[in-house]
$ cat data_16.pdb   # PDB, C-alpha atoms
ATOM      1  CA  MET A   2     110.948 170.048 163.246
ATOM      2  CA  CYS A   3     112.691 166.682 163.420
ATOM      3  CA  PRO A   4     110.308 163.874 164.420
ATOM      4  CA  ASP A   5     111.948 160.902 166.102
ATOM      5  CA  GLY A   6     111.386 157.685 164.161
ATOM      6  CA  ASN A   7     112.393 155.391 167.030
ATOM      7  CA  TYR A   8     115.096 152.893 166.198
ATOM      8  CA  ASN A   9     113.427 150.920 163.389
ATOM      9  CA  SER A  10     110.270 152.594 162.099
ATOM     10  CA  TRP A  11     111.754 153.611 158.725
ATOM     11  CA  TYR A  12     109.087 156.354 158.915
ATOM     12  CA  ILE A  13     106.369 154.149 157.442
ATOM     13  CA  ASP A  14     103.135 152.673 158.764
ATOM     14  CA  SER A  15     104.144 149.188 159.853
ATOM     15  CA  PRO A  16     102.302 146.310 158.215
ATOM     16  CA  VAL A  17     103.197 144.162 161.256
ATOM     17  CA  LYS A  18     102.925 146.500 164.262
ATOM     18  CA  THR A  19      99.562 148.105 163.611
ATOM     19  CA  ALA A  20     100.131 150.742 166.317
ATOM     20  CA  SER A  21     103.293 151.973 164.548
ATOM     21  CA  LYS A  22     101.994 154.687 162.203
ATOM     22  CA  PHE A  23     104.956 156.964 161.470
ATOM     23  CA  GLU A  24     103.879 157.745 157.897
ATOM     24  CA  THR A  25     100.459 158.817 159.138
ATOM     25  CA  TYR A  26     102.052 160.811 161.968
ATOM     26  CA  ILE A  27     104.297 162.783 159.595
ATOM     27  CA  THR A  28     101.779 163.296 156.789
ATOM     28  CA  LYS A  29      98.800 164.161 158.989
ATOM     29  CA  GLU A  30      99.850 165.342 162.438
ATOM     30  CA  VAL A  31     103.272 166.932 161.914
ATOM     31  CA  ILE A  32     102.242 168.875 158.804
ATOM     32  CA  ALA A  33      99.011 170.041 160.463
ATOM     33  CA  PHE A  34     100.917 171.128 163.590
ATOM     34  CA  ILE A  35     103.518 173.080 161.622
ATOM     35  CA  ASP A  36     100.943 174.757 159.369
ATOM     36  CA  SER A  37      98.804 175.763 162.354
ATOM     37  CA  SER A  38     101.731 176.927 164.511
ATOM     38  CA  TYR A  39     103.881 178.836 162.021
ATOM     39  CA  ARG A  40     103.438 181.137 159.050
ATOM     40  CA  THR A  41     103.833 178.678 156.186
ATOM     41  CA  TRP A  42     102.805 178.192 152.598
ATOM     42  CA  ALA A  43     100.367 175.426 153.457
ATOM     43  CA  SER A  44     100.763 173.543 150.187
ATOM     44  CA  ALA A  45     103.239 171.186 148.561
ATOM     45  CA  ASN A  46     104.944 174.136 146.843
ATOM     46  CA  GLY A  47     105.975 175.492 150.247
ATOM     47  CA  ARG A  48     107.055 172.199 151.786
ATOM     48  CA  ALA A  49     110.181 170.036 151.545
ATOM     49  CA  ILE A  50     111.269 166.936 153.425
ATOM     50  CA  ILE A  51     114.770 165.889 154.442
ATOM     51  CA  GLY A  52     116.475 163.180 156.458
ATOM     52  CA  SER A  53     119.682 161.237 156.848
ATOM     53  CA  SER A  54     120.187 157.519 157.233
ATOM     54  CA  MET A  55     116.813 156.006 158.208
ATOM     55  CA  GLY A  56     115.329 159.507 157.957
ATOM     56  CA  GLY A  57     116.585 159.736 154.371
ATOM     57  CA  HIS A  58     114.721 156.530 153.602
ATOM     58  CA  GLY A  59     111.637 158.017 155.213
ATOM     59  CA  ALA A  60     111.977 161.299 153.310
ATOM     60  CA  THR A  61     112.374 159.500 149.979
ATOM     61  CA  THR A  62     109.482 157.136 150.674
ATOM     62  CA  LEU A  63     107.124 159.872 151.887
ATOM     63  CA  LEU A  64     107.964 162.110 148.924
ATOM     64  CA  ALA A  65     107.310 159.241 146.495
ATOM     65  CA  LYS A  66     104.040 158.249 148.168
ATOM     66  CA  HIS A  67     102.787 161.786 148.830
ATOM     67  CA  PRO A  68     103.842 164.121 145.990
ATOM     68  CA  ASP A  69     100.741 166.161 146.839
ATOM     69  CA  LEU A  70     102.322 167.092 150.206
ATOM     70  CA  PHE A  71     105.971 167.847 149.365
ATOM     71  CA  ALA A  72     107.581 169.837 146.554
ATOM     72  CA  GLU A  73     111.050 168.376 146.956
ATOM     73  CA  GLN A  74     113.499 166.423 149.062
ATOM     74  CA  GLY A  75     116.650 167.889 150.522
ATOM     75  CA  ALA A  76     119.948 166.014 150.513
TER      76      ALA A  76
END
$ encode --input "data_16.pdb" --output "structure tokens"
Amino acid sequence: MCPDGNYNSWYIDSPVKTASKFETYITKEVIAFIDSSYRTWASANGRAIIGSSMGGHGATTLLAKHPDLFAEQGA
């Protein structure tokens, strides 16, 4: 699944635009959707995150902030 981060979300919860909650969306809703829709290992050991450009920033940030959710980051 490749969630769209709009043009400037950087995949974080915005401190300025309180309705912009991309970090929360990925870490709560996307993971829950994938784990409930597909046969997964529903733990950090079965989960990786990847992105390029702004998505790479998001992947790195989310991995650093949520090591309990992701085992590794792809390149």
$ closest_residue --input "data_16.pdb" --among "A:Met2, A:Tyr8, A:Ser38, A:Pro68" --to "Ile51 of chain A" --atoms "only C-alpha atoms"
A:Met2
$ closest_residue --input "data_16.pdb" --among "A:Leu63, A:Asn46, A:Asn9, A:Ser54" --to "Tyr26 of chain A" --atoms "only C-alpha atoms"
A:Leu63
$ resolve_selection --input "data_16.pdb" --expression "the PyMOL selection byres ((chain A and resi 64) around 12)" --output "VMD selection string"
chain A and resid 12 to 13 24 27 to 28 45 48 to 52 56 to 63 65 to 75
$ residues_around --input "data_16.pdb" --residues "Lys22 of chain A" --least-positions-apart "3" --cutoff "12 Å" --atoms "only C-alpha atoms" --output "list in words"
Gly6, Asn7, Ser10, Trp11, Tyr12, Ile13, Asp14, Ser15, Pro16, Val17, Lys18, Thr19, Thr25, Tyr26, Ile27, Thr28, Lys29 and Glu30 of chain A
$ write_last_selection --input "data_16.pdb" --atoms "C-alpha atoms" --output "compact mmCIF listing (two decimals), in the coordinates of the input"
# COMPACT_ATOMS: atom_id res chain seq x y z
CA GLY A 6 111.39 157.68 164.16
CA ASN A 7 112.39 155.39 167.03
CA SER A 10 110.27 152.59 162.10
CA TRP A 11 111.75 153.61 158.72
CA TYR A 12 109.09 156.35 158.92
CA ILE A 13 106.37 154.15 157.44
CA ASP A 14 103.14 152.67 158.76
CA SER A 15 104.14 149.19 159.85
CA PRO A 16 102.30 146.31 158.22
CA VAL A 17 103.20 144.16 161.26
CA LYS A 18 102.92 146.50 164.26
CA THR A 19 99.56 148.10 163.61
CA THR A 25 100.46 158.82 159.14
CA TYR A 26 102.05 160.81 161.97
CA ILE A 27 104.30 162.78 159.60
CA THR A 28 101.78 163.30 156.79
CA LYS A 29 98.80 164.16 158.99
CA GLU A 30 99.85 165.34 162.44
$ axis_aligned_box --input "data_16.pdb" --around "segment 41-52 of chain A" --padding-each-side "3 Å" --output "JSON"
{"center_x": 108.4, "center_y": 170.9, "center_z": 151.7, "size_x": 22.1, "size_y": 21.5, "size_z": 15.6}
$ atom_distance --input "data_16.pdb" --atom1 "atom CA of Ala43 of chain A" --atom2 "atom CA of Met55 of chain A"
25.9 Å
$ atom_distance --input "data_16.pdb" --atom1 "atom CA of Asp5 of chain A" --atom2 "atom CA of Asp36 of chain A"
18.9 Å
$ decode --input "data_16.pdb" --residues "chain A" --atoms "C-alpha atoms" --output "CSV table (one decimal), in the first residue's frame"
chain,number,residue,atom,x,y,z
A,2,MET,CA,0.0,0.0,0.0
A,3,CYS,CA,1.3,3.5,-0.9
A,4,PRO,CA,-0.5,6.2,1.0
A,5,ASP,CA,-0.5,9.6,-0.7
A,6,GLY,CA,1.1,12.3,1.5
A,7,ASN,CA,-0.3,15.2,-0.5
A,8,TYR,CA,2.3,17.7,-1.7
A,9,ASN,CA,3.8,18.8,1.6
A,10,SER,CA,2.8,16.7,4.5
A,11,TRP,CA,6.2,15.1,5.0
A,12,TYR,CA,4.1,12.2,6.6
A,13,ILE,CA,4.0,13.8,10.0
A,14,ASP,CA,1.2,15.3,12.1
A,15,SER,CA,1.4,19.0,11.4
A,16,PRO,CA,2.0,21.3,14.3
A,17,VAL,CA,0.4,24.1,12.3
A,18,LYS,CA,-2.5,22.5,10.4
A,19,THR,CA,-4.2,20.5,13.2
A,20,ALA,CA,-6.3,18.6,10.7
A,21,SER,CA,-3.2,17.2,8.9
A,22,LYS,CA,-2.5,14.0,10.7
A,23,PHE,CA,-0.4,11.9,8.3
A,24,GLU,CA,1.7,10.2,11.1
A,25,THR,CA,-1.4,9.2,12.9
A,26,TYR,CA,-3.0,8.0,9.7
A,27,ILE,CA,-0.1,5.7,8.8
A,28,THR,CA,0.6,4.4,12.3
A,29,LYS,CA,-3.0,3.8,13.3
A,30,GLU,CA,-5.3,3.5,10.3
A,31,VAL,CA,-3.0,2.1,7.5
A,32,ILE,CA,-1.4,-0.5,9.7
A,33,ALA,CA,-4.8,-1.6,11.2
A,34,PHE,CA,-6.3,-1.8,7.7
A,35,ILE,CA,-3.5,-3.9,6.3
A,36,ASP,CA,-3.4,-6.2,9.3
A,37,SER,CA,-7.2,-6.7,9.2
A,38,SER,CA,-7.3,-7.2,5.4
A,39,TYR,CA,-4.3,-9.4,4.7
A,40,ARG,CA,-2.5,-12.3,6.3
A,41,THR,CA,0.4,-10.5,8.0
A,42,TRP,CA,2.7,-10.9,11.0
A,43,ALA,CA,0.9,-8.2,13.0
A,44,SER,CA,4.0,-7.0,14.9
A,45,ALA,CA,7.1,-4.9,14.2
A,46,ASN,CA,9.1,-8.0,13.3
A,47,GLY,CA,6.8,-8.5,10.3
A,48,ARG,CA,6.6,-4.9,9.2
A,49,ALA,CA,8.9,-2.6,7.2
A,50,ILE,CA,8.4,0.9,5.8
A,51,ILE,CA,9.8,2.5,2.7
A,52,GLY,CA,9.6,5.7,0.7
A,53,SER,CA,11.4,7.9,-1.8
A,54,SER,CA,11.8,11.6,-1.7
A,55,MET,CA,9.3,13.1,0.8
A,56,GLY,CA,8.1,9.5,1.5
A,57,GLY,CA,11.7,8.6,2.4
A,58,HIS,CA,11.7,11.4,5.0
A,59,GLY,CA,8.4,10.0,6.3
A,60,ALA,CA,9.7,6.5,6.4
A,61,THR,CA,12.8,7.5,8.3
A,62,THR,CA,10.8,9.7,10.7
A,63,LEU,CA,8.1,7.1,11.4
A,64,LEU,CA,10.7,4.4,12.0
A,65,ALA,CA,12.6,6.6,14.4
A,66,LYS,CA,9.5,7.7,16.3
A,67,HIS,CA,7.8,4.3,16.2
A,68,PRO,CA,10.4,1.5,16.5
A,69,ASP,CA,7.6,-0.6,18.2
A,70,LEU,CA,5.7,-0.6,14.8
A,71,PHE,CA,8.5,-1.3,12.2
A,72,ALA,CA,11.4,-3.7,12.1
A,73,GLU,CA,13.3,-1.9,9.4
A,74,GLN,CA,13.3,0.7,6.6
A,75,GLY,CA,13.8,-0.2,3.0
A,76,ALA,CA,16.0,1.9,0.7
